[in-house]
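A.B. asks: Below is the structure I would like to discuss, written out as structure tokens.
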Amino acid sequence: MFKASSRGRCQLMIQRAAPAKINLYLRTRGERPDGFHDLDTVMVGLDLADHLEVESAPELTLVSDTGLGLSDDLTGRAALALQAGRNLPGARIRVRKRIPAGGGLGGGSSNAAAALLAMDAFWGLNTPFPVLLDLAAQLGSDVPFFLAGQSCLAQGRGERLRLIQAPDLKLCGLLLFPGEPIATPTAYGWLDEDGLAEDATGTGELSTLIQAMARGDAQGALRQVHNSFTEPVRRRSPAVAKCLDYLEGAGLCPLLCGSGSTVIGLSAGSDLPQQVAKNAPYPNQSVKVMGRFPGSDRVTGLPNALSLRA
Ligand code: C5P
């Protein structure tokens, strides 16, 4: 997914995929004094991705399908944060979007992480991973995960990462897009209103999930999925409720993607999601879970989640 070609410094062109994510587990652990929520969340990538291209230009510019300019788009802000007062060559960043906005799939955060990595390579900076990780956390709570580029347990507000090595985990799914974007702060507001800032509901268990993932036990993992946003969002969005019910009725494991509004129906194989797509009530897409993003071979130095005590 990382492709660089260079015929002299000014001809350098870099391409990067910026994959979507889902949270197999997302449990809010309480509201913090800074207004954010502490989380336990398990994030994995999908084979649905935006596409980012960087090439030489007189100055730093962004052309994105979001229609936003350099300092308003998280992608541009990532490039500006890395540039930060340094005298570096100009570049044109082009972003082609396939991940819907306001869908809980992390598209904006993924673009920002891809921009950090692409611009670091374009400018030949070789920024140490922990420094990139700090920049990522300043840009947004989900950006560190996308920088790591592999399945992670994320804690704190999302910036404290542990890697989950799950090379044998095979999970497929059907994404349903109800066409009603939900802004993340709005969804957190609903969750607070419903008394779920510190969520003790459900039977999904974090360490059991991580162990099942590490063993490649898809069914075992699907028994432990949890998302604190599910009930608050289901109560307020009939379209999300319809998606969750449809996927469950069709025999898939229904899960809200992040804070919504996309819903995924998960399964160990790809046959059922593809069959279920035929009568789905909303636009949809079959996807596969990726334990590791293609081309993410950077050594992160992050600890392993399995070393967590059960
Ligand atoms: O960090 P990010 O920009 O993605 O957060 C968007 C909003 O989501 C925050 O302003 C906050 O309202 C909410 N949020 C939160 N707790 C988190 C992550 C996000 O309350 N762990």
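FYI, nothing fancy with the structure tokens labels: chains A, B, ... in order, residues from 1 per chain, ligands from 1 as they appear.
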Using DSSP on the backbone, list every residue of stretch 62-95 of chain A that comes out as helix (DSSP H, G or I), and give them as a ChimeraX atom specification.
C.D. replies: /A:74-83
A.B. asks: I need the strand (DSSP E or B) residues of stretch 158-285 of chain A per DSSP on the backbone, written as number ranges by chain.
C.D. replies: A: 160-163, 172-176, 198, 226-227, 253-256, 263-267, 284-285
A.B. asks: Based on the selection just made, write C-alpha atoms of those residues as a compact mmCIF listing (two decimals), in the first residue's frame.
C.D. replies:
```txt
# COMPACT_ATOMS: atom_id res chain seq x y z
CA ARG A 160 -2.42 4.29 25.08
CA LEU A 161 -1.85 1.35 22.73
CA ARG A 162 -1.03 -2.33 23.12
CA LEU A 163 -0.62 -4.56 20.08
CA CYS A 172 -15.63 -10.99 7.53
CA GLY A 173 -18.55 -8.61 7.64
CA LEU A 174 -21.26 -6.67 5.90
CA LEU A 175 -21.28 -2.91 6.46
CA LEU A 176 -24.67 -1.19 6.32
CA GLU A 198 -19.00 4.47 32.93
CA HIS A 226 -19.33 -4.95 23.01
CA ASN A 227 -20.00 -1.30 22.19
CA CYS A 253 -23.14 -10.75 14.82
CA PRO A 254 -24.43 -7.14 14.77
CA LEU A 255 -22.11 -4.39 15.95
CA LEU A 256 -22.27 -0.60 15.78
CA VAL A 263 -23.43 -0.99 11.45
CA ILE A 264 -21.51 -4.17 10.67
CA GLY A 265 -22.72 -7.77 10.72
CA LEU A 266 -19.74 -9.99 11.49
CA SER A 267 -19.13 -13.65 10.74
CA ASN A 284 -23.83 -1.90 1.97
CA GLN A 285 -20.41 -3.35 1.43
```
A.B. asks: Hey, what's within 12 Å of A:Gly124 if we count only C-alpha atoms and toss same-chain stuff fewer than 4 positions away? As a list of chain:residue names, please?
C.D. replies: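 So the residues in contact are A:Ala4, A:Arg9, A:Leu12, A:Ile14, A:Leu82, A:Gln83, A:Leu88, A:Pro89, A:Leu116, A:Leu117, A:Ala118, A:Met119, A:Asp120, A:Pro128.
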A.B. asks: Can you list, as a PyMOL selection string, every protein, DNA or RNA residue that comes within 12 Å of A:Asn111 when you count only C-alpha atoms, leaving out same-chain residues fewer than 4 positions away?
C.D. replies: chain A and resi 15-21+49-53+62+64-66+73-79+93-99+101+105-107+115-119+136+139-140+142-147
A.B. asks: What's the separation between atom CA of A:Gln224 and atom CA of A:Gly249, in Å to one decimal place?
C.D. replies: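 Atom CA of A:Gly249 lies 18.7 Å from atom CA of A:Gln224.
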A.B. asks: Show me which residues sit within 7 Å of ligand 1 when counting only C-alpha atoms and all ligand atoms, and put them as a list in words.
C.D. replies: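 Going residue by residue within 7 Å of ligand 1, we get Gly35, Phe36, His37, Asp38, Leu39, Leu139, Gly140, Ser141, Asp142, Gly156, Arg157, Gly158, Thr184, Pro185 and Tyr188 of chain A.
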A.B. asks: Mind checking which residues fall within 9 Å of A:Leu46, counting only C-alpha atoms, ignoring those fewer than 5 positions away in the same chain, and posting them as a list in words?
C.D. replies: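 Listing them by chain and then by number gives Pro19, Ala20, Lys21, Ile22, Val287, Lys288, Val289, Met290, Gly291 and Phe293 of chain A.
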A.B. asks: Between stretch 182-228 of chain A and stretch 232-237 of chain A, at 7 Å or less, what are the per-residue closest atom pairs and their distances in Å? Count only C-alpha atoms, order by chain and rising residue number, and return it as a tab-separated table.
C.D. replies:
```
residue	atom	partner	partner_atom	distance
A:Ala187	CA	A:Val233	CA	6.9
A:Trp190	CA	A:Pro232	CA	5.7
A:Leu191	CA	A:Pro232	CA	5.5
A:Asp194	CA	A:Pro232	CA	6.6
```
A.B. asks: Store the residues picked out above, limited to all heavy atoms, as a PDB file, in the first residue's frame.
C.D. replies:
```pdb
ATOM      1  N   ALA A 187     -22.729  11.635  19.789  1.00  0.00           N
ATOM      2  CA  ALA A 187     -22.930  10.276  20.305  1.00  0.00           C
ATOM      3  C   ALA A 187     -22.443  10.174  21.752  1.00  0.00           C
ATOM      4  O   ALA A 187     -23.089   9.518  22.586  1.00  0.00           O
ATOM      5  CB  ALA A 187     -22.200   9.272  19.415  1.00  0.00           C
ATOM      6  N   TRP A 190     -25.171  11.575  23.954  1.00  0.00           N
ATOM      7  CA  TRP A 190     -26.289  10.630  24.149  1.00  0.00           C
ATOM      8  C   TRP A 190     -25.907   9.583  25.197  1.00  0.00           C
ATOM      9  O   TRP A 190     -26.713   9.220  26.058  1.00  0.00           O
ATOM     10  CB  TRP A 190     -26.613   9.924  22.844  1.00  0.00           C
ATOM     11  CG  TRP A 190     -27.169  10.805  21.764  1.00  0.00           C
ATOM     12  CD1 TRP A 190     -27.679  12.069  21.930  1.00  0.00           C
ATOM     13  CD2 TRP A 190     -27.278  10.502  20.374  1.00  0.00           C
ATOM     14  NE1 TRP A 190     -28.093  12.564  20.720  1.00  0.00           N
ATOM     15  CE2 TRP A 190     -27.871  11.633  19.743  1.00  0.00           C
ATOM     16  CE3 TRP A 190     -26.948   9.405  19.579  1.00  0.00           C
ATOM     17  CZ2 TRP A 190     -28.116  11.676  18.370  1.00  0.00           C
ATOM     18  CZ3 TRP A 190     -27.208   9.445  18.209  1.00  0.00           C
ATOM     19  CH2 TRP A 190     -27.781  10.573  17.616  1.00  0.00           C
ATOM     20  N   LEU A 191     -24.663   9.116  25.097  1.00  0.00           N
ATOM     21  CA  LEU A 191     -24.178   8.089  26.027  1.00  0.00           C
ATOM     22  C   LEU A 191     -24.190   8.633  27.472  1.00  0.00           C
ATOM     23  O   LEU A 191     -24.641   7.954  28.408  1.00  0.00           O
ATOM     24  CB  LEU A 191     -22.772   7.718  25.557  1.00  0.00           C
ATOM     25  CG  LEU A 191     -21.989   6.617  26.216  1.00  0.00           C
ATOM     26  CD1 LEU A 191     -21.315   5.779  25.140  1.00  0.00           C
ATOM     27  CD2 LEU A 191     -20.927   7.173  27.117  1.00  0.00           C
ATOM     28  N   ASP A 194     -27.665   8.890  28.901  1.00  0.00           N
ATOM     29  CA  ASP A 194     -28.214   7.582  29.277  1.00  0.00           C
ATOM     30  C   ASP A 194     -27.468   6.946  30.450  1.00  0.00           C
ATOM     31  O   ASP A 194     -27.681   5.763  30.756  1.00  0.00           O
ATOM     32  CB  ASP A 194     -28.167   6.624  28.065  1.00  0.00           C
ATOM     33  CG  ASP A 194     -29.179   7.003  26.992  1.00  0.00           C
ATOM     34  OD1 ASP A 194     -29.841   8.060  27.161  1.00  0.00           O
ATOM     35  OD2 ASP A 194     -29.314   6.265  26.002  1.00  0.00           O
TER      36      ASP A 194
END
```
A.B. asks: Compile the contact shell of A:Ala280 as a ChimeraX atom specification: residues with an atom at most 9 Å away, counting only C-alpha atoms, same-chain residues fewer than 3 positions apart removed.
C.D. replies: /A:176,243,246-247,276-277,283-284
A.B. asks: Of the candidates A:Cys152, A:Thr41, A:Pro130, A:Pro273, which one gets nearest to A:Glu248 if we count only C-alpha atoms?
C.D. replies: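 Of A:Cys152, A:Thr41, A:Pro130, A:Pro273, the one nearest A:Glu248 is A:Pro273, counting only C-alpha atoms.
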